[in-house]
$ cat upload-v5.cif   # mmCIF, C-alpha atoms
data_data
loop_
_atom_site.label_atom_id
_atom_site.label_comp_id
_atom_site.auth_asym_id
_atom_site.auth_seq_id
_atom_site.Cartn_x
_atom_site.Cartn_y
_atom_site.Cartn_z
CA MET D 1230 2.82 -124.26 123.91
CA PRO D 1231 2.99 -122.65 120.47
CA LEU D 1232 5.11 -119.53 120.25
CA HIS D 1233 3.44 -117.69 117.39
CA PHE D 1234 5.71 -114.68 117.62
CA LEU D 1235 8.74 -116.78 116.63
CA THR D 1236 7.53 -117.61 113.13
CA ALA D 1237 5.92 -115.79 110.28
CA GLU D 1238 2.32 -116.64 109.50
CA ARG D 1239 3.37 -117.68 106.02
CA ALA D 1240 7.01 -118.40 105.48
CA PRO D 1241 8.15 -116.86 102.18
CA ASP D 1242 9.57 -119.54 99.93
CA ALA D 1243 11.24 -119.17 96.58
CA GLY D 1244 8.29 -120.80 94.80
CA THR D 1245 5.49 -118.94 96.55
CA PRO D 1246 4.24 -115.61 95.25
CA ASP D 1247 4.57 -112.73 97.69
CA VAL D 1248 1.01 -111.50 98.05
CA PRO D 1249 -0.77 -110.18 101.10
CA LEU D 1250 -2.53 -112.74 103.20
CA VAL D 1251 -6.29 -112.67 103.51
CA ASN D 1252 -7.38 -112.35 107.09
CA SER D 1253 -10.74 -112.99 108.68
CA GLY D 1254 -10.12 -111.08 111.93
CA GLN D 1255 -9.33 -107.41 112.36
CA ASP D 1256 -6.92 -107.89 115.27
CA HIS D 1257 -4.77 -110.68 113.85
CA TRP D 1258 -1.31 -109.14 113.50
CA ARG D 1259 1.36 -111.10 111.62
CA ARG D 1260 5.00 -110.62 110.85
CA PRO D 1261 5.51 -110.87 107.07
CA TYR D 1262 8.99 -112.39 107.42
CA ARG D 1263 10.87 -114.90 109.53
CA LEU D 1264 13.08 -113.89 112.40
CA GLY D 1265 16.72 -113.62 111.48
CA PRO D 1266 19.44 -115.81 112.95
CA TRP D 1267 21.15 -112.85 114.63
CA ARG D 1268 18.03 -111.91 116.59
CA VAL D 1269 17.38 -115.51 117.60
CA ALA D 1270 21.02 -116.00 118.66
CA ILE D 1271 21.01 -112.85 120.80
CA ALA D 1272 17.74 -113.91 122.46
CA ALA D 1273 19.08 -117.43 123.05
CA MET D 1274 22.25 -116.09 124.67
CA THR D 1275 20.16 -113.78 126.84
CA LEU D 1276 17.98 -116.70 127.96
CA LEU D 1277 21.12 -118.71 128.72
CA ILE D 1278 22.32 -115.90 130.97
CA ALA D 1279 18.90 -115.89 132.67
CA ALA D 1280 19.19 -119.65 133.27
CA TYR D 1281 22.56 -119.14 134.97
CA MET D 1282 21.01 -116.37 137.06
CA LEU D 1283 18.20 -118.69 138.18
CA ILE D 1284 20.68 -121.43 139.10
CA SER D 1285 22.69 -118.92 141.09
CA ALA D 1286 19.49 -117.74 142.80
CA LEU D 1287 18.87 -121.34 143.86
CA ILE D 1288 22.40 -121.65 145.24
CA ILE D 1289 22.10 -118.31 147.04
CA GLY D 1290 18.75 -119.38 148.52
CA LEU D 1291 20.15 -122.72 149.69
CA ALA D 1292 23.10 -120.90 151.26
CA GLY D 1293 20.67 -119.08 153.51
CA SER D 1294 20.22 -115.65 151.94
CA PRO D 1295 16.58 -115.36 150.82
CA ASP D 1296 16.84 -111.62 150.10
CA GLY D 1297 19.75 -112.19 147.72
CA ALA D 1298 17.92 -115.09 146.06
CA LEU D 1299 14.79 -112.98 145.50
CA THR D 1300 16.87 -110.16 144.05
CA THR D 1301 18.61 -112.56 141.68
CA VAL D 1302 15.27 -114.11 140.62
CA ALA D 1303 13.86 -110.62 139.98
CA CYS D 1304 16.88 -109.78 137.81
CA ALA D 1305 16.47 -113.06 135.92
CA VAL D 1306 12.79 -112.27 135.26
CA VAL D 1307 13.79 -108.89 133.82
CA VAL D 1308 16.37 -110.59 131.57
CA ILE D 1309 13.76 -113.13 130.39
CA ALA D 1310 11.27 -110.33 129.66
CA PHE D 1311 13.97 -108.54 127.65
CA ALA D 1312 14.67 -111.68 125.59
CA LEU D 1313 10.98 -112.22 124.86
CA ARG D 1314 10.49 -108.59 123.90
CA LEU D 1315 13.53 -108.83 121.64
CA LEU D 1316 11.78 -111.64 119.77
CA ARG D 1317 8.66 -109.47 119.31
CA VAL D 1318 10.58 -106.52 117.82
CA GLY D 1319 9.81 -105.92 114.16
CA ILE D 1320 7.12 -104.97 111.71
CA TRP D 1321 3.66 -106.49 111.97
CA VAL D 1322 0.79 -106.05 109.51
CA SER D 1323 -2.95 -106.64 109.58
CA PRO D 1324 -5.95 -105.37 107.64
CA ARG D 1325 -6.16 -102.55 110.20
CA GLY D 1326 -2.69 -101.19 109.61
CA LEU D 1327 1.02 -101.46 110.17
CA ARG D 1328 2.61 -101.88 113.61
CA ARG D 1329 6.23 -101.19 114.43
CA VAL D 1330 7.22 -102.95 117.65
CA GLY D 1331 10.38 -101.71 119.35
CA LEU D 1332 12.11 -102.73 122.55
CA VAL D 1333 10.32 -100.18 124.69
CA SER D 1334 7.55 -98.79 122.48
CA THR D 1335 5.03 -99.80 119.86
CA ARG D 1336 3.59 -97.56 117.18
CA THR D 1337 0.54 -98.50 115.13
CA LEU D 1338 -0.59 -96.70 111.98
CA ARG D 1339 -3.82 -97.30 110.12
CA TRP D 1340 -3.42 -97.90 106.40
CA ARG D 1341 -5.33 -94.69 105.61
CA GLU D 1342 -2.66 -92.68 107.49
CA ILE D 1343 0.12 -94.12 105.33
CA ASP D 1344 0.95 -92.22 102.17
CA GLY D 1345 3.45 -94.71 100.76
CA VAL D 1346 5.95 -97.46 101.45
CA ARG D 1347 9.11 -97.70 99.34
CA THR D 1348 12.57 -99.24 99.28
CA VAL D 1349 15.50 -96.82 99.03
CA GLN D 1350 19.29 -97.03 98.92
CA GLN D 1351 20.85 -95.15 101.83
CA PRO D 1352 23.33 -95.50 104.68
CA VAL D 1353 21.86 -97.87 107.29
CA GLN D 1354 22.98 -99.00 110.72
CA TRP D 1355 24.72 -102.35 110.94
CA LEU D 1356 22.84 -104.55 113.49
CA GLY D 1357 21.44 -101.39 115.08
CA LEU D 1358 24.91 -100.24 116.14
CA PRO D 1359 26.27 -96.73 115.46
CA ARG D 1360 28.32 -97.99 112.50
CA SER D 1361 26.68 -97.11 109.16
CA VAL D 1362 27.07 -99.00 105.90
CA GLN D 1363 25.48 -98.55 102.48
CA GLY D 1364 22.35 -100.65 102.16
CA GLN D 1365 18.65 -100.82 101.43
CA ALA D 1366 15.92 -99.54 103.69
CA LEU D 1367 12.14 -99.73 103.67
CA GLU D 1368 10.73 -96.29 104.41
CA ILE D 1369 7.20 -95.16 105.14
CA SER D 1370 5.72 -91.74 104.50
CA VAL D 1371 2.83 -90.70 106.69
CA ARG D 1372 0.17 -88.17 105.80
CA LYS D 1373 0.21 -84.91 107.79
CA ARG D 1374 2.90 -86.09 110.24
CA GLU D 1375 6.62 -86.15 110.74
CA PRO D 1376 8.39 -88.84 108.72
CA LEU D 1377 8.88 -92.19 110.43
CA ARG D 1378 12.18 -93.84 111.06
CA THR D 1379 13.22 -96.56 108.67
CA LEU D 1380 11.02 -99.65 109.00
CA LEU D 1381 13.43 -102.36 107.87
CA THR D 1382 17.00 -102.49 106.64
CA ASP D 1383 18.97 -105.21 104.92
CA HIS D 1384 21.63 -104.95 107.67
CA SER D 1385 19.30 -105.44 110.65
CA ALA D 1386 19.30 -108.49 112.94
CA ASP D 1387 16.57 -110.09 110.83
CA PHE D 1388 18.12 -109.65 107.39
CA LEU D 1389 21.92 -109.44 107.75
CA GLY D 1390 23.32 -111.82 105.14
CA ARG D 1391 19.83 -112.61 103.81
CA ARG D 1392 19.25 -110.03 101.07
CA GLY D 1393 16.62 -112.19 99.32
CA SER D 1394 14.59 -112.35 102.53
CA PHE D 1395 14.74 -108.56 102.86
CA ASP D 1396 13.52 -108.13 99.27
CA ARG D 1397 10.60 -110.53 99.84
CA ALA D 1398 9.63 -108.87 103.13
CA ALA D 1399 9.77 -105.40 101.57
CA ASP D 1400 7.64 -106.58 98.65
CA VAL D 1401 5.06 -108.12 100.99
CA ILE D 1402 4.80 -104.96 103.12
CA GLU D 1403 4.53 -102.78 99.99
CA ALA D 1404 1.79 -105.11 98.69
CA TRP D 1405 -0.13 -104.81 101.99
CA ALA D 1406 0.12 -101.02 101.76
CA ALA D 1407 -1.01 -100.99 98.13
CA GLU D 1408 -3.94 -103.33 98.82
CA HIS D 1409 -5.26 -101.45 101.88
CA HIS D 1410 -4.44 -97.94 100.67
#
$ encode --input "upload-v5.cif" --output "structure tokens"
Amino acid sequence: MPLHFLTAERAPDAGTPDVPLVNSGQDHWRRPYRLGPWRVAIAAMTLLIAAYMLISALIIGLAGSPDGALTTVACAVVVIAFALRLLRVGIWVSPRGLRRVGLVSTRTLRWREIDGVRTVQQPVQWLGLPRSVQGQALEISVRKREPLRTLLTDHSADFLGRRGSFDRAADVIEAWAAEHH
């Protein structure tokens, strides 16, 4: 079973120009960058915990407590859903617009609503934790609305230690915005 959300539609290489991808369908959303090793490691550890929970549910069920086994299986399903959602988190683009997928919410903006996308130097959160460090951030300005939170940072789970990948992803998103603006 292919897991399309794990990989970028076109993996940015050093020799490939960073240009927006042509798309035939209006609802084909793609992530313009690869998942970072931190995000994949956190999701893998979460799935490992879910596997242990499922094994313990089996042991609990064999010991004669079906209610406890069902509760443990339900908890494992929630942990698996969390891990899969964690892998979907990020920025997605299509000819229709830009989509920011979070853990609990998703926000989609049409390209005509976006005034500009730019990279700025500012304090950013390190791996989404409260600790701030100086870094780069990709910001979006929206017409006639409150400003959006930062889209991407070079210290997020996808780009920590991969500054070149952040620069390529920012360039690709800016190119999408320029092309469809």
$ residues_around --input "upload-v5.cif" --residues "region 1396-1405 of chain D" --least-positions-apart "2" --cutoff "9 Å" --atoms "all atoms listed in the file" --output "number ranges by chain"
D: 1241, 1247-1250, 1261-1263, 1320, 1322-1324, 1326-1327, 1340, 1345-1348, 1366-1367, 1381, 1383, 1391-1394, 1407-1410
$ closest_residue --input "upload-v5.cif" --among "D:Ile1369, D:Gly1290, D:Asp1296, D:Phe1311" --to "Ile1271 (chain D)" --atoms "all atoms listed in the file"
D:Phe1311
$ closest_residue --input "upload-v5.cif" --among "D:Gln1351, D:Ala1310, D:Gly1364, D:Thr1301" --to "Leu1332 (chain D)" --atoms "all atoms listed in the file"
D:Ala1310
$ resolve_selection --input "upload-v5.cif" --expression "the PyMOL selection byres ((chain D and resi 1362) around 9)" --output "MDAnalysis selection string"
chainID D and resid 1351:1355 1360:1361 1363:1364 1384
$ residues_near_point --input "upload-v5.cif" --point "(26.4, -112.4, 115.2)" --cutoff "12 Å" --atoms "only C-alpha atoms" --output "VMD selection string"
chain D and resid 1265 to 1274 1355 to 1356 1384 to 1390
$ atom_distance --input "upload-v5.cif" --atom1 "CA of Gln1365 (chain D)" --atom2 "CA of Leu1380 (chain D)"
10.8 Å
$ closest_residue --input "upload-v5.cif" --among "D:Arg1336, D:His1257, D:Lys1373, D:Arg1341" --to "Val1318 (chain D)" --atoms "only C-alpha atoms"
D:Arg1336
$ closest_residue --input "upload-v5.cif" --among "D:Ser1334, D:Ser1285, D:Gln1350, D:Ala1303" --to "Arg1317 (chain D)" --atoms "all atoms listed in the file"
D:Ser1334
$ resolve_selection --input "upload-v5.cif" --expression "the PyMOL selection byres ((chain D and resi 1276) around 9)" --output "PDB file with C-alpha atoms, in the coordinates of the input"
ATOM      1  CA  ILE D1271      21.010-112.850 120.800  1.00  0.00           C
ATOM      2  CA  ALA D1272      17.740-113.910 122.460  1.00  0.00           C
ATOM      3  CA  ALA D1273      19.080-117.430 123.050  1.00  0.00           C
ATOM      4  CA  MET D1274      22.250-116.090 124.670  1.00  0.00           C
ATOM      5  CA  THR D1275      20.160-113.780 126.840  1.00  0.00           C
ATOM      6  CA  LEU D1277      21.120-118.710 128.720  1.00  0.00           C
ATOM      7  CA  ILE D1278      22.320-115.900 130.970  1.00  0.00           C
ATOM      8  CA  ALA D1279      18.900-115.890 132.670  1.00  0.00           C
ATOM      9  CA  ALA D1280      19.190-119.650 133.270  1.00  0.00           C
ATOM     10  CA  TYR D1281      22.560-119.140 134.970  1.00  0.00           C
ATOM     11  CA  ALA D1305      16.470-113.060 135.920  1.00  0.00           C
ATOM     12  CA  VAL D1308      16.370-110.590 131.570  1.00  0.00           C
ATOM     13  CA  ILE D1309      13.760-113.130 130.390  1.00  0.00           C
ATOM     14  CA  ALA D1312      14.670-111.680 125.590  1.00  0.00           C
ATOM     15  CA  LEU D1313      10.980-112.220 124.860  1.00  0.00           C
TER      16      LEU D1313
END
$ atom_distance --input "upload-v5.cif" --atom1 "CA of Leu1283 (chain D)" --atom2 "CA of Val1302 (chain D)"
6.0 Å
$ atom_distance --input "upload-v5.cif" --atom1 "CA of Thr1382 (chain D)" --atom2 "CA of Phe1395 (chain D)"
7.5 Å
$ closest_residue --input "upload-v5.cif" --among "D:Val1371, D:Ala1292, D:Leu1287, D:Leu1316" --to "Glu1342 (chain D)" --atoms "only C-alpha atoms"
D:Val1371
$ closest_residue --input "upload-v5.cif" --among "D:Pro1359, D:Ile1288, D:Arg1260, D:Ala1298" --to "Trp1321 (chain D)" --atoms "only C-alpha atoms"
D:Arg1260
$ decode --input "upload-v5.cif" --residues "region 1343-1388 of chain D" --atoms "N, CA and C atoms" --output "compact mmCIF listing (two decimals), in the first residue's frame"
# COMPACT_ATOMS: atom_id res chain seq x y z
N ILE D 1343 -4.08 35.22 -0.77
CA ILE D 1343 -2.74 35.40 -0.25
C ILE D 1343 -2.11 36.63 -0.89
N ASP D 1344 -1.62 37.52 -0.05
CA ASP D 1344 -1.00 38.75 -0.53
C ASP D 1344 0.48 38.53 -0.84
N GLY D 1345 1.15 37.71 -0.05
CA GLY D 1345 2.56 37.46 -0.29
C GLY D 1345 3.12 36.39 0.63
N VAL D 1346 4.19 35.76 0.17
CA VAL D 1346 4.90 34.75 0.95
C VAL D 1346 6.36 35.18 0.95
N ARG D 1347 6.98 35.25 2.13
CA ARG D 1347 8.37 35.69 2.19
C ARG D 1347 9.11 35.01 3.34
N THR D 1348 10.42 34.96 3.20
CA THR D 1348 11.29 34.38 4.23
C THR D 1348 11.86 35.52 5.05
N VAL D 1349 11.79 35.41 6.38
CA VAL D 1349 12.29 36.45 7.27
C VAL D 1349 13.17 35.83 8.36
N GLN D 1350 14.07 36.64 8.90
CA GLN D 1350 14.88 36.26 10.05
C GLN D 1350 14.13 36.70 11.30
N GLN D 1351 13.93 35.79 12.23
CA GLN D 1351 13.21 36.11 13.46
C GLN D 1351 13.42 35.00 14.47
N PRO D 1352 13.08 35.24 15.74
CA PRO D 1352 13.13 34.15 16.71
C PRO D 1352 12.06 33.11 16.36
N VAL D 1353 12.45 31.84 16.35
CA VAL D 1353 11.54 30.75 16.02
C VAL D 1353 11.60 29.70 17.13
N GLN D 1354 10.57 28.89 17.22
CA GLN D 1354 10.55 27.83 18.23
C GLN D 1354 11.39 26.66 17.76
N TRP D 1355 12.11 26.07 18.69
CA TRP D 1355 12.95 24.92 18.41
C TRP D 1355 12.11 23.67 18.57
N LEU D 1356 11.88 22.92 17.48
CA LEU D 1356 11.06 21.70 17.45
C LEU D 1356 9.66 21.92 18.03
N GLY D 1357 9.13 23.13 17.90
CA GLY D 1357 7.80 23.42 18.40
C GLY D 1357 7.71 23.58 19.90
N LEU D 1358 8.83 23.53 20.59
CA LEU D 1358 8.85 23.68 22.04
C LEU D 1358 8.90 25.16 22.41
N PRO D 1359 8.67 25.51 23.67
CA PRO D 1359 8.66 26.92 24.06
C PRO D 1359 10.01 27.64 23.89
N ARG D 1360 11.09 26.90 23.77
CA ARG D 1360 12.40 27.53 23.63
C ARG D 1360 12.53 28.19 22.26
N SER D 1361 12.94 29.46 22.23
CA SER D 1361 13.11 30.19 20.98
C SER D 1361 14.58 30.36 20.65
N VAL D 1362 14.89 30.27 19.38
CA VAL D 1362 16.24 30.50 18.88
C VAL D 1362 16.13 31.39 17.64
N GLN D 1363 17.23 32.02 17.26
CA GLN D 1363 17.21 32.85 16.06
C GLN D 1363 17.25 31.96 14.83
N GLY D 1364 16.38 32.21 13.89
CA GLY D 1364 16.32 31.38 12.70
C GLY D 1364 15.54 32.03 11.58
N GLN D 1365 15.24 31.26 10.56
CA GLN D 1365 14.47 31.73 9.42
C GLN D 1365 13.06 31.18 9.49
N ALA D 1366 12.13 31.97 8.99
CA ALA D 1366 10.74 31.55 8.98
C ALA D 1366 10.11 31.97 7.66
N LEU D 1367 9.20 31.16 7.18
CA LEU D 1367 8.41 31.48 5.99
C LEU D 1367 7.08 32.01 6.47
N GLU D 1368 6.80 33.27 6.15
CA GLU D 1368 5.57 33.92 6.60
C GLU D 1368 4.65 34.18 5.42
N ILE D 1369 3.37 34.24 5.72
CA ILE D 1369 2.37 34.51 4.69
C ILE D 1369 1.52 35.70 5.14
N SER D 1370 1.27 36.61 4.22
CA SER D 1370 0.37 37.71 4.52
C SER D 1370 -0.91 37.50 3.72
N VAL D 1371 -2.03 37.67 4.41
CA VAL D 1371 -3.33 37.38 3.83
C VAL D 1371 -4.09 38.68 3.66
N ARG D 1372 -4.76 38.82 2.55
CA ARG D 1372 -5.55 40.02 2.29
C ARG D 1372 -6.75 40.08 3.21
N LYS D 1373 -6.98 41.25 3.79
CA LYS D 1373 -8.19 41.55 4.58
C LYS D 1373 -8.42 40.59 5.74
N ARG D 1374 -7.36 40.03 6.31
CA ARG D 1374 -7.52 39.13 7.46
C ARG D 1374 -6.37 39.34 8.42
N GLU D 1375 -6.51 38.70 9.57
CA GLU D 1375 -5.43 38.72 10.55
C GLU D 1375 -4.23 37.95 9.99
N PRO D 1376 -3.03 38.34 10.36
CA PRO D 1376 -1.86 37.62 9.84
C PRO D 1376 -1.82 36.18 10.34
N LEU D 1377 -1.32 35.30 9.49
CA LEU D 1377 -1.21 33.89 9.84
C LEU D 1377 0.04 33.64 10.66
N ARG D 1378 0.00 32.54 11.39
CA ARG D 1378 1.21 32.10 12.07
C ARG D 1378 2.25 31.72 11.04
N THR D 1379 3.48 31.58 11.49
CA THR D 1379 4.56 31.21 10.60
C THR D 1379 4.27 29.87 9.95
N LEU D 1380 4.52 29.77 8.64
CA LEU D 1380 4.26 28.53 7.92
C LEU D 1380 5.32 27.48 8.22
N LEU D 1381 6.56 27.82 7.97
CA LEU D 1381 7.68 26.90 8.16
C LEU D 1381 8.80 27.62 8.88
N THR D 1382 9.60 26.87 9.63
CA THR D 1382 10.81 27.42 10.21
C THR D 1382 11.96 26.45 9.96
N ASP D 1383 13.17 26.98 10.02
CA ASP D 1383 14.33 26.12 9.80
C ASP D 1383 14.70 25.33 11.05
N HIS D 1384 13.95 25.49 12.13
CA HIS D 1384 14.17 24.72 13.36
C HIS D 1384 12.97 23.84 13.70
N SER D 1385 12.13 23.54 12.70
CA SER D 1385 10.99 22.66 12.93
C SER D 1385 11.43 21.21 12.77
N ALA D 1386 10.51 20.29 13.03
CA ALA D 1386 10.82 18.86 12.96
C ALA D 1386 11.18 18.41 11.54
N ASP D 1387 10.79 19.18 10.53
CA ASP D 1387 11.11 18.80 9.16
C ASP D 1387 12.45 19.35 8.68
N PHE D 1388 12.93 20.43 9.29
CA PHE D 1388 14.11 21.10 8.75
C PHE D 1388 15.26 21.29 9.73
